[in-house]
>>> print(open('input_6.cif').read())   # mmCIF, C-alpha atoms
data_run
#
loop_
_atom_site.group_PDB
_atom_site.id
_atom_site.type_symbol
_atom_site.label_atom_id
_atom_site.label_comp_id
_atom_site.auth_asym_id
_atom_site.auth_seq_id
_atom_site.Cartn_x
_atom_site.Cartn_y
_atom_site.Cartn_z
ATOM 1 C CA PRO A 12 -81.084 25.731 -34.863
ATOM 2 C CA ALA A 13 -77.346 26.367 -35.203
ATOM 3 C CA MET A 14 -77.721 29.969 -36.322
ATOM 4 C CA ILE A 15 -80.458 30.677 -33.786
ATOM 5 C CA ALA A 16 -78.155 29.339 -31.077
ATOM 6 C CA ARG A 17 -75.316 31.473 -32.463
ATOM 7 C CA GLU A 18 -77.480 34.564 -32.290
ATOM 8 C CA LEU A 19 -78.411 33.860 -28.677
ATOM 9 C CA PHE A 20 -74.874 32.985 -27.619
ATOM 10 C CA ILE A 21 -73.542 36.228 -29.076
ATOM 11 C CA ARG A 22 -76.350 38.494 -27.863
ATOM 12 C CA PHE A 23 -76.216 37.178 -24.314
ATOM 13 C CA ASN A 24 -72.411 36.906 -24.345
ATOM 14 C CA ALA A 25 -72.768 33.334 -23.100
ATOM 15 C CA VAL A 26 -69.634 31.896 -24.713
ATOM 16 C CA ASN A 27 -66.148 33.365 -25.003
ATOM 17 C CA GLY A 28 -64.425 33.019 -28.358
ATOM 18 C CA LYS A 29 -65.525 32.265 -31.895
ATOM 19 C CA VAL A 30 -64.361 28.661 -31.829
ATOM 20 C CA TRP A 31 -66.343 27.868 -28.695
ATOM 21 C CA THR A 32 -69.374 29.667 -30.076
ATOM 22 C CA GLY A 33 -69.243 27.561 -33.235
ATOM 23 C CA PHE A 34 -68.735 24.375 -31.245
ATOM 24 C CA PHE A 35 -71.711 25.027 -28.976
ATOM 25 C CA CYS A 36 -73.864 26.009 -31.966
ATOM 26 C CA VAL A 37 -73.196 22.631 -33.563
ATOM 27 C CA CYS A 38 -73.822 20.907 -30.220
ATOM 28 C CA THR A 39 -77.149 22.718 -29.895
ATOM 29 C CA ALA A 40 -78.217 21.633 -33.380
ATOM 30 C CA LEU A 41 -77.327 18.035 -32.552
ATOM 31 C CA ALA A 42 -79.238 18.237 -29.266
ATOM 32 C CA VAL A 43 -82.345 19.495 -31.081
ATOM 33 C CA SER A 44 -81.985 16.708 -33.630
ATOM 34 C CA ALA A 45 -81.591 14.069 -30.915
ATOM 35 C CA PHE A 46 -84.632 15.400 -29.054
ATOM 36 C CA TYR A 47 -86.703 15.197 -32.242
ATOM 37 C CA GLU A 48 -85.607 11.584 -32.753
ATOM 38 C CA PHE A 49 -86.692 10.818 -29.174
ATOM 39 C CA VAL A 50 -90.075 12.434 -29.840
ATOM 40 C CA GLU A 51 -90.502 10.223 -32.902
ATOM 41 C CA TRP A 52 -89.645 7.153 -30.852
ATOM 42 C CA TRP A 53 -91.954 8.114 -27.955
ATOM 43 C CA THR A 54 -94.814 8.765 -30.375
ATOM 44 C CA ALA A 55 -94.309 5.361 -31.963
ATOM 45 C CA LEU A 56 -94.375 3.740 -28.513
ATOM 46 C CA ILE A 57 -97.471 5.627 -27.384
ATOM 47 C CA SER A 58 -99.401 5.021 -30.595
ATOM 48 C CA GLY A 59 -99.089 1.269 -30.119
ATOM 49 C CA THR A 60 -98.410 0.701 -33.793
ATOM 50 C CA SER A 61 -95.274 -0.521 -35.400
ATOM 51 C CA ALA A 62 -92.522 2.069 -35.222
ATOM 52 C CA ASP A 63 -91.717 1.479 -38.889
ATOM 53 C CA ALA A 64 -95.309 2.264 -39.864
ATOM 54 C CA PHE A 65 -95.282 5.533 -37.935
ATOM 55 C CA LEU A 66 -91.786 6.751 -38.708
ATOM 56 C CA GLY A 67 -91.885 5.959 -42.395
ATOM 57 C CA THR A 68 -88.345 4.591 -42.345
ATOM 58 C CA GLN A 69 -89.298 2.158 -45.116
ATOM 59 C CA GLY A 70 -87.138 -0.547 -43.604
ATOM 60 C CA TYR A 71 -84.000 1.598 -43.362
ATOM 61 C CA VAL A 72 -82.552 0.699 -39.963
ATOM 62 C CA TRP A 73 -80.063 3.596 -39.946
ATOM 63 C CA ASP A 74 -82.711 6.318 -40.408
ATOM 64 C CA THR A 75 -82.125 7.929 -37.004
ATOM 65 C CA GLN A 76 -78.364 7.944 -37.416
ATOM 66 C CA SER A 77 -78.651 9.349 -40.942
ATOM 67 C CA ASP A 78 -80.932 12.145 -39.737
ATOM 68 C CA MET A 79 -78.444 13.066 -37.032
ATOM 69 C CA LEU A 80 -75.539 12.966 -39.488
ATOM 70 C CA TYR A 81 -77.405 15.325 -41.817
ATOM 71 C CA ALA A 82 -78.102 17.630 -38.869
ATOM 72 C CA LEU A 83 -74.372 17.630 -38.060
ATOM 73 C CA ILE A 84 -73.405 18.386 -41.658
ATOM 74 C CA GLY A 85 -75.995 21.146 -41.904
ATOM 75 C CA ALA A 86 -74.918 22.740 -38.631
ATOM 76 C CA LEU A 87 -71.240 22.625 -39.583
ATOM 77 C CA MET A 88 -71.953 24.154 -42.983
ATOM 78 C CA ALA A 89 -74.139 26.864 -41.465
ATOM 79 C CA VAL A 90 -71.530 27.841 -38.901
ATOM 80 C CA LEU A 91 -68.614 27.701 -41.335
ATOM 81 C CA LEU A 92 -70.323 29.429 -44.258
ATOM 82 C CA LEU A 93 -72.677 31.913 -42.588
ATOM 83 C CA SER A 94 -70.773 33.152 -39.527
ATOM 84 C CA LYS A 95 -69.026 35.945 -41.444
ATOM 85 C CA TYR A 96 -72.342 37.252 -42.797
ATOM 86 C CA HIS A 97 -74.003 36.902 -39.419
ATOM 87 C CA ASP A 98 -71.226 38.912 -37.747
ATOM 88 C CA ALA A 99 -71.586 41.664 -40.373
ATOM 89 C CA TRP A 100 -75.339 41.720 -39.851
ATOM 90 C CA LEU A 101 -74.909 42.003 -36.089
ATOM 91 C CA LYS A 102 -72.462 44.911 -36.469
ATOM 92 C CA GLU A 103 -74.864 46.691 -38.809
ATOM 93 C CA PHE A 104 -77.732 46.526 -36.343
ATOM 94 C CA GLU A 105 -75.608 47.106 -33.246
ATOM 95 C CA ALA A 106 -75.051 50.782 -33.916
#
>>> encode(input="input_6.cif", output="structure tokens")
Amino acid sequence: PAMIARELFIRFNAVNGKVWTGFFCVCTALAVSAFYEFVEWWTALISGTSADAFLGTQGYVWDTQSDMLYALIGALMAVLLLSKYHDAWLKEFEA
């Protein structure tokens, strides 16, 4: 979601500056991750079964926090490592 958000922010000129664009891309990825964790929780509540049985956490109480940490790391790596290539790609197709 970070690179999709970056594409949209740049195309619609929604954010000024590369630093702010990167920041909001990471924020968007974290928001998507948090929403997914809420969907998992709501589904466990609606199903009426044990949340552990549905989520498959296998007794790991920090599963949600770990998933969000991995989303943060992935978004940061995507923005830091792929932004240069994404900018070049945008310039190529802009003309």
>>> atom_distance(input="input_6.cif", atom1="CA of Val72 in chain A", atom2="CA of Phe46 in chain A")
18.4 Å
>>> closest_atom_pairs(input="input_6.cif", of="range 38-98 of chain A", to="range 23-34 of chain A", cutoff="12 Å", atoms="all atoms listed in the file", output="JSON lines")
{"residue": "A:Cys38", "atom": "CA", "partner": "A:Phe34", "partner_atom": "CA", "distance": 6.2}
{"residue": "A:Thr39", "atom": "CA", "partner": "A:Phe34", "partner_atom": "CA", "distance": 8.7}
{"residue": "A:Ala40", "atom": "CA", "partner": "A:Phe34", "partner_atom": "CA", "distance": 10.1}
{"residue": "A:Leu41", "atom": "CA", "partner": "A:Phe34", "partner_atom": "CA", "distance": 10.8}
{"residue": "A:Leu83", "atom": "CA", "partner": "A:Phe34", "partner_atom": "CA", "distance": 11.1}
{"residue": "A:Ala86", "atom": "CA", "partner": "A:Gly33", "partner_atom": "CA", "distance": 9.2}
{"residue": "A:Leu87", "atom": "CA", "partner": "A:Gly33", "partner_atom": "CA", "distance": 8.3}
{"residue": "A:Met88", "atom": "CA", "partner": "A:Gly33", "partner_atom": "CA", "distance": 10.7}
{"residue": "A:Ala89", "atom": "CA", "partner": "A:Gly33", "partner_atom": "CA", "distance": 9.6}
{"residue": "A:Val90", "atom": "CA", "partner": "A:Gly33", "partner_atom": "CA", "distance": 6.1}
{"residue": "A:Leu91", "atom": "CA", "partner": "A:Gly33", "partner_atom": "CA", "distance": 8.1}
{"residue": "A:Leu92", "atom": "CA", "partner": "A:Gly33", "partner_atom": "CA", "distance": 11.2}
{"residue": "A:Leu93", "atom": "CA", "partner": "A:Gly33", "partner_atom": "CA", "distance": 10.9}
{"residue": "A:Ser94", "atom": "CA", "partner": "A:Gly33", "partner_atom": "CA", "distance": 8.6}
{"residue": "A:Lys95", "atom": "CA", "partner": "A:Lys29", "partner_atom": "CA", "distance": 10.8}
{"residue": "A:Asp98", "atom": "CA", "partner": "A:Lys29", "partner_atom": "CA", "distance": 10.5}
>>> atom_distance(input="input_6.cif", atom1="CA of Phe49 in chain A", atom2="CA of Thr75 in chain A")
9.5 Å
>>> residues_around(input="input_6.cif", residues="Leu101 in chain A", least_positions_apart="6", cutoff="12 Å", atoms="only C-alpha atoms", output="list in words")
Arg17, Glu18, Leu19, Ile21, Arg22, Ser94 and Lys95 of chain A
>>> resolve_selection(input="input_6.cif", expression="the PyMOL selection byres ((chain A and resi 48) around 10)", output="VMD selection string")
chain A and resid 42 to 47 49 to 54 66 74 to 76 78 to 79
>>> atom_distance(input="input_6.cif", atom1="CA of Gly70 in chain A", atom2="CA of Ser58 in chain A")
18.7 Å
>>> closest_residue(input="input_6.cif", among="A:Trp73, A:Tyr81, A:Tyr96, A:Phe104", to="Val37 in chain A", atoms="only C-alpha atoms")
A:Tyr81
